[in-house]
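Novice: Supplied in structure tokens, the structure appears directly below.
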Amino acid sequence: MTDLGLPAMPPPVLAPRRKTRKIKVGTVDVGGDAPISVQSMTTTLTSDVNTTLQQIAELTAAGCDIVRVACPSQDDADALPEIAKHSNIPVIADIHFQPKYVFAAIDAGCAAVRVNPGNIRKFDDQVGAIARAAKDAGVSIRIGVNAGSLDKRIYDKYGKATAEALVESAVWEASLFEEHDFHDFKISVKHNDPVVMVQAYEQLSQRGDWPLHLGVTEAGPAFQGTIKSATAFGALLSQGIGDTIRVSLSAPPVEEVKVGLQILQSLNLRERKLEIVSCPSCGRAQVDVYTLAEEVTAGLEGMEVPLRVAVMGCVVNGPGEAREADLGVASGNGKGQIFVKGEVIKTVPESKIVETLIEEAMRIAEGMEPVEGGSPAVTVS
């Protein structure tokens with residue numbers, strides 16, 4: 001086929017992005033036409049500067065765009081200048097209860113501050129001062145409404161943390177900042193129930209052009225939290241709702257980043273990196289697909305290019321899937337046909353399949369540009 005030099009078509013998405021105002025979180029744009037960013041939060045004591053910076057470095061290497069650190073004490077506030085100075089990604093200070101730490105975080109050079117209107121004492125009375133300090137310093141704000149710490153007045157009105165209650169709290173606080181001519185803020189309305197969370201963000205997206213930070217709060221252990229977050233984020237992102245995300249897991253924060261990136265890649269909202277397509281196995285399989293897929297994934301760990309590798313175990317879907325991938329194998333009868341860009345290049349015994357796929361993947365990758373951030377995807381067809 002003759003190469004006409006035509007530009008590649010962008011990957012399809014389920015819906016255009018909702019139009020939101022753009023704000024800056026340090027060096028990262030959020031909202032507008034900016035890519036959807038992935039956030040996480042450190043689990044270290046913020047006052048332990050070196051350990052916190054080490055974890056931030058690990059998150060950065062995993063593809064995290066923005067990191068949040070807790071600031072519940074004066075020792076934590078005192079550590080913020082060093083952390084903000086030495087982090088390679090923007091740092092958000094997470095503030096609850098004590099309004100003085102909001103101003104400490106702004107003075108420390110944090111890129112943004114997350115404020116929780118539901119539990120900061122007399123928060124509404126502090127908005128004017130916070131807005132002035134943030135504007136003078138070029139610091140953005142996240143208004144973080146949370147089902148577990150909803151303002152008592154609103155909780156009493158609704159009787160529980162409904163979607164409507166979360167939205168009313170968020171819209172009220174947004175109006176206070178806007179009264180003080182401060183507009184560099186994003187909003188989150190988090191709930192542990194994905195259905196309520198989705199309803200809240202859908203309603204909030206109709207009330208203003210604020211950039212929205214998505215999150216299912218207290219989503220749970222890794223498996224449960226991944227399912228909850230993927231379900232809720234998929235429902236919203238498929239409508240174009242969401243400008244930045246944080247997957248909340250009872251797991252190491254690097255796992256949050258991996259899941260978040262994979263959700264975005266799955267929806268074509270981030271360029272995909274290595275993608276392993278493998279069949280779930282069934283009675284038709286004539287090879288150990290589980291082991292093949294695991295060994296190929298392990299052998300290609302850390303690959304930074306957008307390469308799709310198909311590991312298939314039967315003659316029904318195997319040849320078709322392998323042909324559609326950049327690299328693939330259709331296995332059966334103790335051997336495997338190796339496909340590259342739709343063409344069979346060789347047939348190898350089963351014992352050589354993994355070795356051959358890794359060698360060919362490395363060869364193909366040499367001529368490809370790496371993709372920044374993200375982690376390998378494993379798709380079961």
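Starting from 1 in every chain, residues are counted up; chains themselves are A, B, ... following the order of the structure tokens, and ligands are numbered from 1 as listed.
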Residues within 9 Å of Asp151 of chain A, please, as a PyMOL selection string. Count only C-alpha atoms; anything in the same chain fewer than 6 positions from it doesn't count.
Specialist: chain A and resi 117-119+145+169
Novice: Those selected residues, please, written with C-alpha atoms and delivered as a PDB file, in the first residue's frame.
Specialist:
```pdb
ATOM      1  CA  PRO A 117     -16.016  23.199  53.560  1.00  0.00           C
ATOM      2  CA  GLY A 118     -17.793  20.597  55.680  1.00  0.00           C
ATOM      3  CA  ASN A 119     -15.233  20.414  58.468  1.00  0.00           C
ATOM      4  CA  VAL A 145     -17.194  18.195  49.228  1.00  0.00           C
ATOM      5  CA  SER A 169     -22.903  22.372  49.192  1.00  0.00           C
TER       6      SER A 169
END
```
Novice: For segment 99-105 of chain A, find every residue with an atom within 7 Å (counting only C-alpha atoms), except residues of its own chain fewer than 4 positions away, and show them as a CSV table (one decimal) with N, CA, C and O atoms, in the first residue's frame.
Specialist:
```csv
chain,number,residue,atom,x,y,z
A,77,ALA,N,2.6,21.2,58.2
A,77,ALA,CA,2.7,22.5,57.6
A,77,ALA,C,4.1,23.0,57.4
A,77,ALA,O,4.5,23.6,56.4
A,80,LEU,N,5.9,21.5,54.4
A,80,LEU,CA,5.4,21.8,53.0
A,80,LEU,C,6.4,22.6,52.1
A,80,LEU,O,6.5,22.3,50.9
A,93,ALA,N,-1.9,20.7,49.0
A,93,ALA,CA,-2.0,20.4,50.4
A,93,ALA,C,-3.4,20.1,50.7
A,93,ALA,O,-4.3,20.8,50.3
A,95,ILE,N,-6.3,20.1,53.3
A,95,ILE,CA,-6.6,20.8,54.6
A,95,ILE,C,-8.0,20.4,55.1
A,95,ILE,O,-8.9,20.5,54.4
A,109,GLY,N,4.3,27.6,49.0
A,109,GLY,CA,4.5,27.4,47.6
A,109,GLY,C,3.9,26.2,47.0
A,109,GLY,O,4.2,25.7,45.9
A,110,CYS,N,2.9,25.6,47.7
A,110,CYS,CA,2.1,24.5,47.1
A,110,CYS,C,1.4,25.0,45.9
A,110,CYS,O,1.0,26.2,45.8
A,113,VAL,N,-4.5,24.1,46.9
A,113,VAL,CA,-4.9,23.7,48.3
A,113,VAL,C,-6.3,23.0,48.1
A,113,VAL,O,-7.2,23.6,47.5
A,120,ILE,N,-14.0,22.5,58.0
A,120,ILE,CA,-13.1,23.6,58.4
A,120,ILE,C,-14.0,24.6,59.2
A,120,ILE,O,-15.0,25.0,58.7
```
Novice: So the first atom is atom CA of Ile89 of chain A and the second is atom CA of Ala112 of chain A; what is the distance between them in Å, to one decimal place?
Specialist: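 Between these atoms lies a distance of 11.7 Å.
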Novice: Between A:Ala137, A:Val257, A:Leu212, A:Leu236, which residue has the minimum interatomic distance to Gln39 of chain A, considering only C-alpha atoms?
Specialist: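 Using only C-alpha atoms, Gln39 of chain A sits closest to A:Val257.
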Novice: Write down as a ChimeraX atom specification the residues of segment 117-230 of chain A whose backbone DSSP state falls under alpha helix (DSSP H).
Specialist: /A:123-137,152-158,163-179,194-205,222-230
Novice: Please produce a file of those selected residues containing C-alpha atoms, as a PDB file, in the first residue's frame.
Specialist:
```
ATOM      1  CA  PHE A 123     -15.198  28.104  56.545  1.00  0.00           C
ATOM      2  CA  ASP A 124     -17.624  30.483  54.853  1.00  0.00           C
ATOM      3  CA  ASP A 125     -16.250  33.356  56.930  1.00  0.00           C
ATOM      4  CA  GLN A 126     -12.736  32.515  55.723  1.00  0.00           C
ATOM      5  CA  VAL A 127     -13.458  32.413  51.978  1.00  0.00           C
ATOM      6  CA  GLY A 128     -12.634  36.069  51.309  1.00  0.00           C
ATOM      7  CA  ALA A 129      -9.222  35.849  52.966  1.00  0.00           C
ATOM      8  CA  ILE A 130      -8.446  32.505  51.315  1.00  0.00           C
ATOM      9  CA  ALA A 131      -9.432  33.876  47.899  1.00  0.00           C
ATOM     10  CA  ARG A 132      -7.206  36.933  48.289  1.00  0.00           C
ATOM     11  CA  ALA A 133      -4.205  34.944  49.486  1.00  0.00           C
ATOM     12  CA  ALA A 134      -4.590  32.319  46.746  1.00  0.00           C
ATOM     13  CA  LYS A 135      -5.018  34.921  44.008  1.00  0.00           C
ATOM     14  CA  ASP A 136      -1.957  36.879  45.157  1.00  0.00           C
ATOM     15  CA  ALA A 137       0.146  33.701  45.169  1.00  0.00           C
ATOM     16  CA  LYS A 152     -24.135  19.934  59.109  1.00  0.00           C
ATOM     17  CA  ARG A 153     -26.674  22.465  57.873  1.00  0.00           C
ATOM     18  CA  ILE A 154     -27.035  20.693  54.560  1.00  0.00           C
ATOM     19  CA  TYR A 155     -26.921  17.225  56.105  1.00  0.00           C
ATOM     20  CA  ASP A 156     -29.774  18.183  58.407  1.00  0.00           C
ATOM     21  CA  LYS A 157     -31.768  19.539  55.469  1.00  0.00           C
ATOM     22  CA  TYR A 158     -31.533  16.342  53.415  1.00  0.00           C
ATOM     23  CA  ALA A 163     -26.451  13.701  45.373  1.00  0.00           C
ATOM     24  CA  GLU A 164     -28.553  16.837  45.743  1.00  0.00           C
ATOM     25  CA  ALA A 165     -26.989  17.599  49.129  1.00  0.00           C
ATOM     26  CA  LEU A 166     -23.445  17.279  47.769  1.00  0.00           C
ATOM     27  CA  VAL A 167     -24.246  19.513  44.811  1.00  0.00           C
ATOM     28  CA  GLU A 168     -25.947  22.172  46.933  1.00  0.00           C
ATOM     29  CA  SER A 169     -22.903  22.372  49.192  1.00  0.00           C
ATOM     30  CA  ALA A 170     -20.510  22.620  46.253  1.00  0.00           C
ATOM     31  CA  VAL A 171     -22.506  25.245  44.372  1.00  0.00           C
ATOM     32  CA  TRP A 172     -22.869  27.364  47.519  1.00  0.00           C
ATOM     33  CA  GLU A 173     -19.145  27.342  48.214  1.00  0.00           C
ATOM     34  CA  ALA A 174     -18.345  28.061  44.562  1.00  0.00           C
ATOM     35  CA  SER A 175     -20.628  31.095  44.687  1.00  0.00           C
ATOM     36  CA  LEU A 176     -18.752  32.444  47.716  1.00  0.00           C
ATOM     37  CA  PHE A 177     -15.405  32.262  45.933  1.00  0.00           C
ATOM     38  CA  GLU A 178     -16.893  33.851  42.839  1.00  0.00           C
ATOM     39  CA  GLU A 179     -18.346  36.688  44.932  1.00  0.00           C
ATOM     40  CA  PRO A 194     -20.750   5.012  42.692  1.00  0.00           C
ATOM     41  CA  VAL A 195     -24.398   5.565  41.748  1.00  0.00           C
ATOM     42  CA  VAL A 196     -24.817   8.556  44.076  1.00  0.00           C
ATOM     43  CA  MET A 197     -21.417   9.865  43.018  1.00  0.00           C
ATOM     44  CA  VAL A 198     -22.328   9.697  39.318  1.00  0.00           C
ATOM     45  CA  GLN A 199     -25.656  11.414  39.959  1.00  0.00           C
ATOM     46  CA  ALA A 200     -23.923  14.199  41.879  1.00  0.00           C
ATOM     47  CA  TYR A 201     -21.390  14.916  39.144  1.00  0.00           C
ATOM     48  CA  GLU A 202     -24.042  14.784  36.437  1.00  0.00           C
ATOM     49  CA  GLN A 203     -26.099  17.372  38.330  1.00  0.00           C
ATOM     50  CA  LEU A 204     -23.067  19.522  39.139  1.00  0.00           C
ATOM     51  CA  SER A 205     -21.944  19.553  35.493  1.00  0.00           C
ATOM     52  CA  ALA A 222      -7.701  -2.842  45.454  1.00  0.00           C
ATOM     53  CA  PHE A 223     -10.143  -5.154  43.661  1.00  0.00           C
ATOM     54  CA  GLN A 224     -13.364  -3.614  44.938  1.00  0.00           C
ATOM     55  CA  GLY A 225     -12.059  -0.061  44.659  1.00  0.00           C
ATOM     56  CA  THR A 226     -10.875  -0.608  41.114  1.00  0.00           C
ATOM     57  CA  ILE A 227     -14.291  -1.893  40.047  1.00  0.00           C
ATOM     58  CA  LYS A 228     -16.141   0.933  41.792  1.00  0.00           C
ATOM     59  CA  SER A 229     -13.873   3.614  40.370  1.00  0.00           C
ATOM     60  CA  ALA A 230     -13.804   2.193  36.857  1.00  0.00           C
TER      61      ALA A 230
END
```
Novice: Residues near Asp76 of chain A, anyone? I mean within 8 Å using only C-alpha atoms, not counting same-chain ones fewer than 5 positions away, as a PyMOL selection string.
Specialist: chain A and resi 45-47+70-71
Novice: Pick out the closest residue to Ile83 of chain A from this set: A:Val67, A:Ala219, A:Leu53, A:Ile143. Count only C-alpha atoms.
Specialist: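 Of A:Val67, A:Ala219, A:Leu53, A:Ile143, the one nearest Ile83 of chain A, counting only C-alpha atoms, is A:Leu53.
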Novice: Wanna dump the segment 217-332 of chain A-segment 342-353 of chain A contacts at 10 Å for me, each residue with its shortest atom pair and the distance in Å to one decimal, counting only C-alpha atoms, ordered by chain and number, as a Markdown table?
Specialist:
```
| residue | atom | partner | partner_atom | distance |
| --- | --- | --- | --- | --- |
| A:Val287 | CA | A:Glu350 | CA | 7.8 |
| A:Asp288 | CA | A:Glu350 | CA | 9.5 |
| A:Leu292 | CA | A:Ile353 | CA | 7.9 |
| A:Val296 | CA | A:Ile353 | CA | 9.0 |
| A:Val311 | CA | A:Ile353 | CA | 9.4 |
| A:Pro319 | CA | A:Gly342 | CA | 9.2 |
| A:Gly320 | CA | A:Gly342 | CA | 8.8 |
| A:Glu321 | CA | A:Gly342 | CA | 9.3 |
| A:Ala322 | CA | A:Gly342 | CA | 7.2 |
| A:Arg323 | CA | A:Gly342 | CA | 4.0 |
| A:Glu324 | CA | A:Gly342 | CA | 5.9 |
| A:Ala325 | CA | A:Gly342 | CA | 7.1 |
| A:Asp326 | CA | A:Gly342 | CA | 7.3 |
| A:Leu327 | CA | A:Gly342 | CA | 7.9 |
| A:Gly328 | CA | A:Gly342 | CA | 8.6 |
| A:Val329 | CA | A:Ile353 | CA | 7.6 |
| A:Ala330 | CA | A:Thr347 | CA | 9.5 |
| A:Ser331 | CA | A:Glu350 | CA | 7.6 |
| A:Gly332 | CA | A:Glu350 | CA | 8.3 |
```
Novice: Please, could you write that set of residues out with C-alpha atoms as a short mmCIF file (atom, residue, chain, number, x, y, z; two decimals), in the first residue's frame?
Specialist:
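Saved the output as again07.cif:
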```cif
data_model
loop_
_atom_site.label_atom_id
_atom_site.label_comp_id
_atom_site.auth_asym_id
_atom_site.auth_seq_id
_atom_site.Cartn_x
_atom_site.Cartn_y
_atom_site.Cartn_z
CA VAL A 287 -2.07 -24.16 25.06
CA ASP A 288 -1.72 -22.72 28.57
CA LEU A 292 1.76 -17.43 28.15
CA VAL A 296 4.79 -12.13 27.98
CA VAL A 311 -1.66 -13.80 22.97
CA PRO A 319 -5.75 -15.77 13.98
CA GLY A 320 -8.09 -12.78 13.68
CA GLU A 321 -6.96 -11.16 16.92
CA ALA A 322 -3.31 -11.85 16.21
CA ARG A 323 -3.67 -10.38 12.72
CA GLU A 324 -5.24 -7.16 14.05
CA ALA A 325 -2.51 -6.56 16.65
CA ASP A 326 0.93 -5.07 16.04
CA LEU A 327 2.32 -8.39 17.18
CA GLY A 328 0.53 -11.60 18.03
CA VAL A 329 0.48 -15.34 18.29
CA ALA A 330 -2.25 -17.80 17.37
CA SER A 331 -1.48 -20.98 19.28
CA GLY A 332 -2.53 -24.60 18.85
#
```
Novice: If DSSP is run on the backbone, what residues of segment 36-141 of chain A are strand (DSSP E or B)? A reply as a PyMOL selection string would be ideal.
Specialist: chain A and resi 37-41+66-70+91-95+112-115+140-141
Novice: Keeping N, CA, C and O atoms, export the residues of the selection given above as a compact mmCIF listing (two decimals), in the first residue's frame.
Specialist:
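Here's the written file selection-v3.txt:
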```
# COMPACT_ATOMS: atom_id res chain seq x y z
N SER A 37 -5.99 14.74 33.86
CA SER A 37 -4.82 14.42 34.67
C SER A 37 -5.15 13.37 35.72
O SER A 37 -6.30 13.21 36.14
N VAL A 38 -4.12 12.67 36.15
CA VAL A 38 -4.25 11.61 37.15
C VAL A 38 -3.56 12.05 38.43
O VAL A 38 -2.40 12.46 38.41
N GLN A 39 -4.30 11.94 39.53
CA GLN A 39 -3.76 12.33 40.82
C GLN A 39 -3.69 11.14 41.78
O GLN A 39 -4.34 10.13 41.57
N SER A 40 -2.89 11.31 42.82
CA SER A 40 -2.87 10.36 43.92
C SER A 40 -2.52 11.14 45.18
O SER A 40 -2.34 12.36 45.13
N MET A 41 -2.43 10.42 46.28
CA MET A 41 -2.12 11.06 47.57
C MET A 41 -1.10 10.22 48.31
O MET A 41 -1.20 8.98 48.32
N ILE A 66 -0.25 14.89 39.41
CA ILE A 66 -0.42 15.81 40.54
C ILE A 66 -0.49 14.96 41.81
O ILE A 66 -1.12 13.91 41.81
N VAL A 67 0.12 15.43 42.89
CA VAL A 67 0.11 14.65 44.13
C VAL A 67 -0.44 15.50 45.27
O VAL A 67 -0.20 16.71 45.34
N ARG A 68 -1.20 14.87 46.15
CA ARG A 68 -1.77 15.55 47.31
C ARG A 68 -1.10 15.01 48.57
O ARG A 68 -0.85 13.81 48.68
N VAL A 69 -0.83 15.91 49.52
CA VAL A 69 -0.24 15.51 50.79
C VAL A 69 -1.11 16.02 51.93
O VAL A 69 -1.68 17.12 51.86
N ALA A 70 -1.26 15.22 52.97
CA ALA A 70 -2.08 15.59 54.11
C ALA A 70 -1.36 16.61 54.98
O ALA A 70 -0.13 16.58 55.12
N VAL A 91 2.26 19.87 43.90
CA VAL A 91 1.83 19.38 45.20
C VAL A 91 0.59 20.15 45.66
O VAL A 91 0.57 21.38 45.65
N ILE A 92 -0.43 19.40 46.06
CA ILE A 92 -1.64 19.97 46.65
C ILE A 92 -1.63 19.66 48.14
O ILE A 92 -1.43 18.51 48.53
N ALA A 93 -1.85 20.67 48.96
CA ALA A 93 -1.98 20.45 50.39
C ALA A 93 -3.43 20.14 50.72
O ALA A 93 -4.34 20.84 50.27
N ASP A 94 -3.66 19.10 51.50
CA ASP A 94 -5.00 18.64 51.85
C ASP A 94 -5.34 19.14 53.25
O ASP A 94 -4.73 18.70 54.23
N ILE A 95 -6.30 20.07 53.32
CA ILE A 95 -6.56 20.76 54.59
C ILE A 95 -7.95 20.44 55.11
O ILE A 95 -8.95 20.55 54.39
N ALA A 112 -1.53 24.05 44.82
CA ALA A 112 -2.96 24.18 45.07
C ALA A 112 -3.25 23.75 46.49
O ALA A 112 -2.42 23.12 47.16
N VAL A 113 -4.46 24.06 46.94
CA VAL A 113 -4.91 23.65 48.26
C VAL A 113 -6.29 23.03 48.13
O VAL A 113 -7.17 23.59 47.47
N ARG A 114 -6.47 21.86 48.74
CA ARG A 114 -7.80 21.26 48.82
C ARG A 114 -8.41 21.69 50.14
O ARG A 114 -7.83 21.49 51.21
N VAL A 115 -9.59 22.30 50.07
CA VAL A 115 -10.30 22.69 51.28
C VAL A 115 -11.59 21.90 51.39
O VAL A 115 -12.25 21.62 50.40
N SER A 140 -4.22 27.69 42.98
CA SER A 140 -5.61 27.30 42.75
C SER A 140 -6.15 26.52 43.94
O SER A 140 -5.41 26.10 44.82
N ILE A 141 -7.46 26.35 43.96
CA ILE A 141 -8.16 25.72 45.08
C ILE A 141 -8.98 24.55 44.56
O ILE A 141 -9.50 24.61 43.45
```
Novice: Find the spatial neighbours of Ser238 of chain A, counting only C-alpha atoms, within a cut-off of 8 Å - ignore same-chain residues fewer than 4 positions away - and output them as a PyMOL selection string.
Specialist: chain A and resi 13-15+234+267
Novice: For those residues, write all heavy atoms to a file as a compact mmCIF listing (two decimals), in the first residue's frame.
Specialist:
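Saved result, result29.txt, follows:
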```
# COMPACT_ATOMS: atom_id res chain seq x y z
N VAL A 13 -13.67 8.50 20.72
CA VAL A 13 -14.08 8.62 22.11
C VAL A 13 -15.60 8.58 22.16
O VAL A 13 -16.28 8.79 21.15
CB VAL A 13 -13.56 9.93 22.75
CG1 VAL A 13 -12.05 9.91 22.85
CG2 VAL A 13 -14.03 11.15 21.97
N LEU A 14 -16.14 8.29 23.33
CA LEU A 14 -17.58 8.09 23.46
C LEU A 14 -18.36 9.40 23.43
O LEU A 14 -19.53 9.42 23.05
CB LEU A 14 -17.88 7.34 24.75
CG LEU A 14 -17.41 5.88 24.76
CD1 LEU A 14 -17.53 5.28 26.14
CD2 LEU A 14 -18.20 5.05 23.75
N ALA A 15 -17.73 10.49 23.84
CA ALA A 15 -18.42 11.78 23.85
C ALA A 15 -17.37 12.89 23.88
O ALA A 15 -16.28 12.70 24.44
CB ALA A 15 -19.34 11.91 25.05
N GLY A 234 -16.07 5.57 34.29
CA GLY A 234 -16.49 5.26 32.93
C GLY A 234 -17.83 5.88 32.60
O GLY A 234 -18.03 6.43 31.51
N LEU A 267 -10.52 4.28 27.56
CA LEU A 267 -11.52 5.14 26.93
C LEU A 267 -10.91 6.04 25.86
O LEU A 267 -11.56 6.97 25.38
CB LEU A 267 -12.21 6.00 28.00
CG LEU A 267 -13.09 5.24 29.00
CD1 LEU A 267 -13.46 6.13 30.17
CD2 LEU A 267 -14.33 4.70 28.31
```
Novice: Kindly give the distance, in Å, that separates atom CA of Gln98 of chain A and atom CA of Thr44 of chain A, rounded to a single decimal.
Specialist: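 About the pair atom CA of Gln98 of chain A and atom CA of Thr44 of chain A: they are 20.0 Å apart.
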Novice: Using only C-alpha atoms, which of the listed residues (A:Asp181, A:Ala57, A:Pro12, A:Pro221) sits closest to Ser266 of chain A?
Specialist: A:Pro12
Novice: Report, in Å with one decimal, the straight-line distance from atom CA of Ser248 of chain A to atom CA of His86 of chain A.
Specialist: 24.7 Å
